[in-house]
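Asker: My file is protein_22.cif. It has mmCIF, C-alpha atoms:
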```
data_start
#
loop_
_atom_site.label_atom_id
_atom_site.label_comp_id
_atom_site.auth_asym_id
_atom_site.auth_seq_id
_atom_site.Cartn_x
_atom_site.Cartn_y
_atom_site.Cartn_z
CA MET A 1 -9.98 4.46 -17.79
CA GLU A 2 -9.15 2.56 -20.98
CA ILE A 3 -5.57 3.81 -20.82
CA ILE A 4 -5.31 2.47 -17.25
CA ALA A 5 -6.85 -0.80 -18.42
CA GLU A 6 -4.07 -1.17 -20.99
CA LYS A 7 -1.49 -0.55 -18.29
CA GLY A 8 -3.10 -3.36 -16.33
CA VAL A 9 -2.52 -5.70 -19.27
CA VAL A 10 1.17 -4.77 -19.29
CA LYS A 11 1.38 -5.52 -15.58
CA THR A 12 -0.16 -8.97 -15.95
CA ASN A 13 2.21 -9.80 -18.83
CA THR A 14 5.38 -8.61 -17.09
CA PRO A 15 7.94 -11.44 -16.63
CA PHE A 16 8.06 -12.67 -13.04
CA TYR A 17 11.70 -11.72 -12.40
CA LYS A 18 11.06 -8.11 -13.46
CA GLN A 19 7.77 -8.04 -11.57
CA PHE A 20 9.53 -9.31 -8.45
CA ILE A 21 12.24 -6.65 -8.65
CA LEU A 22 9.69 -3.87 -9.06
CA SER A 23 7.55 -5.32 -6.25
CA PHE A 24 10.61 -5.53 -4.01
CA ILE A 25 11.36 -1.85 -4.69
CA ALA A 26 7.77 -0.85 -3.94
CA GLY A 27 7.67 -2.76 -0.64
CA SER A 28 10.97 -1.18 0.36
CA MET A 29 9.66 2.30 -0.42
CA ILE A 30 6.56 1.74 1.70
CA ALA A 31 8.76 0.64 4.61
CA ILE A 32 11.07 3.63 4.18
CA GLY A 33 8.05 5.93 4.10
CA PHE A 34 6.81 4.44 7.39
CA ILE A 35 10.06 4.75 9.36
CA PRO A 36 9.71 8.52 9.94
CA THR A 37 6.35 7.90 11.63
CA ILE A 38 7.96 5.42 14.02
CA LYS A 39 10.77 7.80 14.93
CA LEU A 40 8.59 10.90 15.24
CA TYR A 41 5.97 8.99 17.26
CA GLN A 42 8.57 8.28 19.94
CA ASP A 43 10.88 11.29 19.66
CA ILE A 44 8.20 13.98 19.73
CA SER A 45 4.74 12.66 20.64
CA PRO A 46 2.21 10.18 19.28
CA ALA A 47 -0.15 12.86 17.93
CA VAL A 48 2.56 14.95 16.30
CA GLY A 49 4.31 11.81 15.10
CA VAL A 50 1.23 10.62 13.20
CA LEU A 51 0.63 14.10 11.78
CA LEU A 52 4.18 14.60 10.56
CA GLY A 53 4.48 10.96 9.55
CA SER A 54 1.51 11.39 7.22
CA LEU A 55 3.52 14.08 5.42
CA PHE A 56 6.43 11.70 4.77
CA PHE A 57 4.63 8.44 4.01
CA PRO A 58 3.51 9.46 0.46
CA ILE A 59 7.17 9.29 -0.66
CA GLY A 60 6.60 5.57 -1.23
CA LEU A 61 3.80 5.92 -3.78
CA ILE A 62 5.50 8.94 -5.36
CA VAL A 63 8.63 6.91 -6.08
CA ILE A 64 6.56 3.96 -7.33
CA LEU A 65 4.46 6.02 -9.76
CA PHE A 66 7.10 8.45 -10.99
CA ILE A 67 10.14 6.15 -11.14
CA GLY A 68 8.77 2.61 -11.15
CA GLY A 69 7.49 -0.07 -8.83
CA GLU A 70 4.71 -2.61 -8.39
CA LEU A 71 2.57 -2.09 -5.31
CA VAL A 72 -0.26 -4.54 -4.72
CA THR A 73 -2.72 -1.88 -3.55
CA GLY A 74 -2.12 0.17 -6.70
CA ASN A 75 -2.50 -2.93 -8.84
CA MET A 76 -5.81 -3.68 -7.18
CA THR A 77 -7.06 -0.59 -9.00
CA VAL A 78 -5.03 -0.73 -12.23
CA VAL A 79 -5.25 -4.46 -12.95
CA GLY A 80 -8.78 -4.46 -11.54
CA ILE A 81 -9.81 -1.86 -14.13
CA SER A 82 -8.15 -3.99 -16.81
CA TYR A 83 -10.34 -6.91 -15.73
CA LEU A 84 -13.46 -4.72 -15.70
CA TYR A 85 -12.73 -3.76 -19.31
CA LYS A 86 -12.26 -7.48 -20.13
CA LYS A 87 -8.61 -7.05 -21.06
CA CYS A 88 -7.34 -9.66 -18.60
CA SER A 89 -8.84 -12.73 -16.96
CA PHE A 90 -9.97 -13.01 -13.35
CA LYS A 91 -7.25 -15.63 -12.80
CA ASN A 92 -4.48 -13.38 -14.15
CA MET A 93 -5.74 -10.47 -12.07
CA CYS A 94 -5.62 -12.50 -8.84
CA LEU A 95 -2.23 -14.04 -9.70
CA ASN A 96 -0.82 -10.57 -10.31
CA TRP A 97 -2.02 -9.35 -6.93
CA LEU A 98 -0.56 -12.38 -5.11
CA LYS A 99 2.81 -12.26 -6.89
CA VAL A 100 3.18 -8.53 -6.37
CA PHE A 101 2.16 -8.81 -2.71
CA PHE A 102 4.84 -11.48 -2.24
CA GLY A 103 7.49 -9.16 -3.70
CA ASN A 104 6.22 -6.29 -1.56
CA ILE A 105 6.57 -8.42 1.59
CA VAL A 106 10.15 -9.39 0.71
CA GLY A 107 10.98 -5.71 0.14
CA VAL A 108 9.41 -4.77 3.47
CA LEU A 109 11.28 -7.50 5.36
CA PHE A 110 14.61 -6.48 3.86
CA THR A 111 14.12 -2.80 4.60
CA ILE A 112 12.67 -3.01 8.11
CA LEU A 113 14.79 -5.93 9.37
CA VAL A 114 18.09 -5.34 7.57
CA LEU A 115 18.21 -1.59 6.97
CA GLY A 116 16.13 -0.73 10.03
CA PHE A 117 17.01 -3.12 12.84
CA GLY A 118 20.13 -4.63 11.24
CA SER A 119 21.76 -1.21 11.02
CA GLY A 120 20.77 -0.46 14.62
CA LEU A 121 18.66 2.49 13.49
CA LEU A 122 15.39 1.15 14.90
CA ILE A 123 16.70 -0.75 17.93
CA PRO A 124 15.89 2.21 20.26
CA TYR A 125 12.35 2.17 18.83
CA GLN A 126 11.42 -1.45 19.52
CA GLU A 127 8.73 -0.57 22.06
CA THR A 128 7.19 1.97 19.71
CA VAL A 129 7.05 -0.54 16.86
CA LEU A 130 5.39 -3.05 19.21
CA LYS A 131 2.91 -0.44 20.44
CA LEU A 132 1.96 0.58 16.90
CA ALA A 133 1.67 -3.05 15.84
CA ASN A 134 -0.59 -3.87 18.78
CA SER A 135 -2.78 -0.89 17.93
CA LYS A 136 -3.57 -2.60 14.61
CA LEU A 137 -4.77 -5.69 16.48
CA THR A 138 -7.16 -3.93 18.84
CA ILE A 139 -9.89 -3.76 16.20
CA SER A 140 -12.03 -6.64 14.96
CA PRO A 141 -11.42 -8.35 11.59
CA MET A 142 -14.53 -6.64 10.18
CA GLN A 143 -13.27 -3.25 11.30
CA ALA A 144 -9.91 -4.04 9.71
CA LEU A 145 -11.67 -4.88 6.44
CA ILE A 146 -13.66 -1.63 6.49
CA SER A 147 -10.55 0.36 7.35
CA GLY A 148 -8.81 -1.28 4.39
CA ILE A 149 -11.60 -0.08 2.10
CA GLY A 150 -11.02 3.54 3.12
CA CYS A 151 -7.28 3.22 2.62
CA ASN A 152 -7.32 1.89 -0.91
CA TRP A 153 -10.25 4.00 -2.03
CA LEU A 154 -7.96 6.98 -1.47
CA ILE A 155 -4.92 5.28 -3.02
CA GLY A 156 -7.05 4.35 -6.02
CA LEU A 157 -7.98 8.00 -6.44
CA SER A 158 -4.27 8.88 -6.40
CA ILE A 159 -3.71 6.35 -9.19
CA LEU A 160 -6.55 7.80 -11.29
CA PHE A 161 -5.29 11.33 -10.68
CA PHE A 162 -1.76 10.38 -11.78
CA ASN A 163 -3.05 8.87 -15.01
CA LYS A 164 -5.53 11.64 -15.82
CA TYR A 165 -3.06 14.54 -15.84
CA GLU A 166 0.33 15.03 -17.50
CA ASP A 167 1.77 18.02 -15.64
CA GLY A 168 4.33 16.78 -13.12
CA PHE A 169 3.39 19.15 -10.30
CA VAL A 170 -0.34 18.49 -10.69
CA ARG A 171 0.36 14.77 -10.63
CA LEU A 172 2.48 15.15 -7.50
CA VAL A 173 -0.28 17.00 -5.65
CA GLY A 174 -2.90 14.49 -6.77
CA VAL A 175 -0.83 11.57 -5.55
CA TYR A 176 0.38 13.18 -2.35
CA PHE A 177 -2.74 14.38 -0.57
CA PRO A 178 -5.03 11.32 -0.74
CA VAL A 179 -2.19 9.18 0.65
CA ALA A 180 -1.36 11.68 3.40
CA VAL A 181 -5.05 11.84 4.35
CA PHE A 182 -5.49 8.06 4.65
CA VAL A 183 -2.44 7.88 6.93
CA LEU A 184 -3.68 10.76 9.08
CA ILE A 185 -7.14 9.21 9.40
CA GLY A 186 -5.62 5.87 10.35
CA PHE A 187 -6.96 3.64 7.56
CA GLN A 188 -5.03 0.39 7.21
CA HIS A 189 -2.77 -0.69 4.35
CA CYS A 190 -1.82 -4.37 4.02
CA VAL A 191 1.82 -3.71 3.06
CA ALA A 192 2.30 -0.99 5.68
CA ASN A 193 0.91 -3.34 8.34
CA VAL A 194 3.56 -5.91 7.41
CA VAL A 195 6.13 -3.18 8.17
CA LEU A 196 4.90 -3.01 11.75
CA PHE A 197 4.31 -6.74 12.26
CA ALA A 198 7.63 -8.02 10.89
CA TYR A 199 9.88 -7.42 13.91
CA PRO A 200 7.33 -8.18 16.69
CA VAL A 201 6.26 -11.45 15.00
CA LEU A 202 9.83 -12.67 14.42
CA SER A 203 10.69 -11.70 18.01
CA GLY A 204 7.74 -13.66 19.36
CA LEU A 205 6.11 -10.56 20.79
CA ILE A 206 2.99 -10.89 18.63
CA PRO A 207 1.40 -14.21 17.55
CA LEU A 208 1.84 -14.89 13.84
CA GLN A 209 -1.81 -15.93 13.61
CA SER A 210 -3.05 -12.57 14.90
CA ALA A 211 -0.88 -10.69 12.43
CA LEU A 212 -2.01 -12.90 9.53
CA ILE A 213 -5.69 -12.43 10.35
CA ASN A 214 -5.24 -8.67 10.34
CA VAL A 215 -3.25 -8.63 7.10
CA VAL A 216 -5.75 -10.91 5.31
CA TYR A 217 -8.77 -8.80 6.27
CA VAL A 218 -6.99 -5.54 5.48
CA PHE A 219 -5.91 -7.04 2.14
CA LEU A 220 -9.54 -7.90 1.34
CA GLY A 221 -10.62 -4.40 2.37
CA ASN A 222 -7.92 -2.92 0.15
CA VAL A 223 -9.27 -5.02 -2.74
CA LEU A 224 -12.77 -3.63 -2.20
CA GLY A 225 -11.47 -0.06 -1.90
CA GLY A 226 -9.30 -0.12 -5.02
CA PHE A 227 -11.28 -2.48 -7.24
CA ILE A 228 -14.89 -1.71 -6.31
CA PHE A 229 -14.99 1.77 -4.76
CA THR A 230 -12.53 3.24 -7.25
CA GLY A 231 -12.34 1.13 -10.41
CA LEU A 232 -15.92 -0.12 -10.68
CA LEU A 233 -17.64 3.09 -9.54
CA TYR A 234 -15.73 5.26 -12.01
CA LYS A 235 -16.26 2.75 -14.80
CA LEU A 236 -20.01 2.75 -14.13
CA SER A 237 -20.14 6.52 -14.01
CA SER A 238 -17.79 6.99 -16.98
CA HIS A 239 -16.71 10.15 -15.19
CA VAL A 240 -12.95 9.83 -15.60
#
```
Translate this structure into C-alpha cells?
Answerer:
Amino acid sequence: MEIIAEKGVVKTNTPFYKQFILSFIAGSMIAIGFIPTIKLYQDISPAVGVLLGSLFFPIGLIVILFIGGELVTGNMTVVGISYLYKKCSFKNMCLNWLKVFFGNIVGVLFTILVLGFGSGLLIPYQETVLKLANSKLTISPMQALISGIGCNWLIGLSILFFNKYEDGFVRLVGVYFPVAVFVLIGFQHCVANVVLFAYPVLSGLIPLQSALINVVYVFLGNVLGGFIFTGLLYKLSSHV
C-alpha cells in the first residue's frame, strides 16, 4: 500500500503535458477496448456480444498498466491511497482526477469519432451505439452511482493485484479477470460511458444534459469504488 502511495505522489507531480499525453493514450485504449463489444453486439447477438466483448475490453487497462497511461478510475485508487497515507493533499488528489479525466475524454473522442466513425468503421453500427447509449440512461442517477461503485471496486482490485506481484503472467491474470467480470455484470465506467455517448450526443440523438448526469453520477460512484471500497478498506485492514 505504501508503494502504491508513492506512485500516487509521482502521478500528482507529473507535468501537465506529460500527464495529458498519458491520459489521452489511456482514453484511447478504453475506446479501442469497447469497439469489439459494439461490433459483436450487432454482428452476432446482444448476449454473445457482451460476453465476448468482456473478454476484449481488459486490453485497455492491460496496456495502461504494462506500457503506460493515466486512467482516471485507476488514479482514484492510486492517488486516493496516496492521500490516505498523507502523501498528497486533498486538492492535488482532486485536481489529478479532473485533469486525467479531461485527457481521457479527449482520447475517447479522437478514437471513437476519428478512428471509429471518421474511418467509416462504425458507421454501420450507429443504431447499436445509440441503443447501448440509451441503455445507460434507463437507470436512475442513484443506480448509476451504485453501478459505478461496483465497477471501480473491481478495477481497484486489479490495480492492487498488479502492484502486489512481480511475475508478468500473474499480473496479467490479476488485471484481466476483475475487469472482464465488471463488464460482463454491466457495472458502469465513466470513461467507457463517454465512448458510447460521444456520437449520439454530437448527432443530437441524446440530450447532452442526460449524458452529463449519467457520467457525473457514474464518476462519483467510481470514486467511491476505487477510493473507499478498495483504497480505504485495505488500508484499514492492512491486509495488502
Asker: Determine the residue membership of the PyMOL selection byres ((chain A and resi 93-100) around 7) for the file above and supply it as a list of chain:residue names.
Answerer: A:Thr12, A:Gln19, A:Phe20, A:Ser23, A:Glu70, A:Leu71, A:Val72, A:Asn75, A:Met76, A:Val79, A:Gly80, A:Tyr83, A:Cys88, A:Ser89, A:Phe90, A:Lys91, A:Asn92, A:Phe101, A:Phe102, A:Gly103, A:Asn104
Asker: Glu2 of chain A: which residues within 9 Å, counting all atoms listed in the file, same-chain residues fewer than 3 positions away excluded, as a PyMOL selection string?
Answerer: chain A and resi 5-7+81-82+85
Asker: For the selection just defined, write its residues with C-alpha atoms to a file, as an mmCIF file, in the coordinates of the input.
Answerer:
```
data_model
loop_
_atom_site.group_PDB
_atom_site.id
_atom_site.type_symbol
_atom_site.label_atom_id
_atom_site.label_comp_id
_atom_site.auth_asym_id
_atom_site.auth_seq_id
_atom_site.Cartn_x
_atom_site.Cartn_y
_atom_site.Cartn_z
ATOM 1 C CA ALA A 5 -6.850 -0.800 -18.420
ATOM 2 C CA GLU A 6 -4.070 -1.170 -20.990
ATOM 3 C CA LYS A 7 -1.490 -0.550 -18.290
ATOM 4 C CA ILE A 81 -9.810 -1.860 -14.130
ATOM 5 C CA SER A 82 -8.150 -3.990 -16.810
ATOM 6 C CA TYR A 85 -12.730 -3.760 -19.310
#
```
Asker: Which residues, named as in the file, does the PyMOL selection byres ((chain A and resi 62) around 10) pick out? Answer as a PyMOL selection string.
Answerer: chain A and resi 29+57-61+63-69+158+162+171-173+175-176+179
Asker: Under the PyMOL selection byres ((chain A and resi 224-231) around 10), which residues of this model are included? Write them out as a PyMOL selection string.
Answerer: chain A and resi 1+4-5+73-84+145-157+159-160+218-223+232-236
Asker: Which polymer residues have any atom within 7 Å of an atom of Leu184 of chain A, counting only C-alpha atoms, with same-chain residues fewer than 3 positions away left out, as a list in words?
Answerer: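 Once the adjacent positions are removed, what remains is Val50, Leu51, Ser54, Ala180 and Val181 of chain A.
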Asker: Pull C-alpha atoms from the residues just selected and write them as a compact mmCIF listing (two decimals), in the frame of the given file.
Answerer:
```
# COMPACT_ATOMS: atom_id res chain seq x y z
CA VAL A 50 1.23 10.62 13.20
CA LEU A 51 0.63 14.10 11.78
CA SER A 54 1.51 11.39 7.22
CA ALA A 180 -1.36 11.68 3.40
CA VAL A 181 -5.05 11.84 4.35
```
Asker: Nearest to Asn214 of chain A: which of A:Ile21, A:Val170, A:Leu196, A:Ala144 is it, counting all atoms listed in the file?
Answerer: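 Distance minimum relative to Asn214 of chain A lands on A:Ala144.
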Asker: Would you list the contacts of Lys136 of chain A as a PyMOL selection string, taking every protein, DNA or RNA residue within 12 Å and counting all atoms listed in the file, but skipping same-chain residues closer than 3 positions in sequence?
Answerer: chain A and resi 129-133+139-141+143-145+147-148+186-190+192-197+206+210-215+217-218
Asker: Rounded to one decimal, what separation in Å do you get between atom CA of Tyr199 of chain A and atom CA of Leu109 of chain A?
Answerer: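 Answer for the atom CA of Tyr199 of chain A to atom CA of Leu109 of chain A separation: 8.7 Å.
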Asker: Taking the structure in the block just given, could you write segment 25-44 of chain A with N, CA, C and O atoms, as a compact mmCIF listing (two decimals), in the first residue's frame?
Answerer:
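The file below, decode-v2.txt, is the result:
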```
# COMPACT_ATOMS: atom_id res chain seq x y z
N ILE A 25 -3.70 8.65 -24.18
CA ILE A 25 -3.46 7.24 -24.54
C ILE A 25 -4.43 6.33 -23.82
O ILE A 25 -5.03 5.42 -24.43
N ALA A 26 -4.62 6.56 -22.53
CA ALA A 26 -5.50 5.70 -21.73
C ALA A 26 -6.94 5.78 -22.23
O ALA A 26 -7.62 4.75 -22.38
N GLY A 27 -7.43 6.99 -22.49
CA GLY A 27 -8.79 7.14 -23.01
C GLY A 27 -8.95 6.43 -24.35
O GLY A 27 -9.98 5.79 -24.60
N SER A 28 -7.93 6.54 -25.19
CA SER A 28 -7.98 5.87 -26.49
C SER A 28 -8.03 4.36 -26.34
O SER A 28 -8.76 3.68 -27.07
N MET A 29 -7.26 3.83 -25.38
CA MET A 29 -7.24 2.38 -25.18
C MET A 29 -8.59 1.87 -24.66
O MET A 29 -9.04 0.78 -25.03
N ILE A 30 -9.24 2.67 -23.81
CA ILE A 30 -10.56 2.26 -23.32
C ILE A 30 -11.55 2.23 -24.49
O ILE A 30 -12.38 1.31 -24.59
N ALA A 31 -11.48 3.22 -25.37
CA ALA A 31 -12.37 3.25 -26.53
C ALA A 31 -12.11 2.07 -27.46
O ALA A 31 -13.04 1.41 -27.93
N ILE A 32 -10.83 1.79 -27.71
CA ILE A 32 -10.48 0.66 -28.57
C ILE A 32 -10.96 -0.65 -27.96
O ILE A 32 -11.44 -1.54 -28.66
N GLY A 33 -10.85 -0.77 -26.64
CA GLY A 33 -11.32 -1.98 -25.97
C GLY A 33 -12.82 -2.15 -26.03
O GLY A 33 -13.33 -3.27 -25.95
N PHE A 34 -13.56 -1.04 -26.22
CA PHE A 34 -15.02 -1.10 -26.25
C PHE A 34 -15.56 -1.40 -27.64
O PHE A 34 -16.65 -1.96 -27.79
N ILE A 35 -14.82 -1.06 -28.68
CA ILE A 35 -15.30 -1.23 -30.05
C ILE A 35 -15.67 -2.68 -30.38
O ILE A 35 -16.69 -2.93 -31.04
N PRO A 36 -14.90 -3.69 -29.94
CA PRO A 36 -15.31 -5.07 -30.21
C PRO A 36 -16.70 -5.41 -29.67
O PRO A 36 -17.46 -6.15 -30.30
N THR A 37 -17.05 -4.87 -28.50
CA THR A 37 -18.37 -5.11 -27.94
C THR A 37 -19.45 -4.58 -28.86
O THR A 37 -20.48 -5.24 -29.09
N ILE A 38 -19.25 -3.38 -29.39
CA ILE A 38 -20.22 -2.77 -30.30
C ILE A 38 -20.41 -3.64 -31.54
O ILE A 38 -21.54 -3.92 -31.96
N LYS A 39 -19.32 -4.08 -32.13
CA LYS A 39 -19.39 -4.87 -33.36
C LYS A 39 -20.01 -6.25 -33.09
O LYS A 39 -20.87 -6.71 -33.85
N LEU A 40 -19.57 -6.91 -32.03
CA LEU A 40 -20.07 -8.24 -31.72
C LEU A 40 -21.54 -8.20 -31.32
O LEU A 40 -22.31 -9.12 -31.64
N TYR A 41 -21.94 -7.14 -30.61
CA TYR A 41 -23.33 -6.96 -30.18
C TYR A 41 -24.26 -6.99 -31.38
O TYR A 41 -25.35 -7.58 -31.34
N GLN A 42 -23.86 -6.35 -32.47
CA GLN A 42 -24.70 -6.28 -33.66
C GLN A 42 -24.48 -7.47 -34.59
O GLN A 42 -25.44 -8.02 -35.14
N ASP A 43 -23.23 -7.87 -34.78
CA ASP A 43 -22.93 -8.90 -35.77
C ASP A 43 -23.34 -10.30 -35.34
O ASP A 43 -23.67 -11.15 -36.17
N ILE A 44 -23.32 -10.56 -34.03
CA ILE A 44 -23.68 -11.90 -33.56
C ILE A 44 -25.01 -11.85 -32.81
O ILE A 44 -26.04 -12.27 -33.33
```
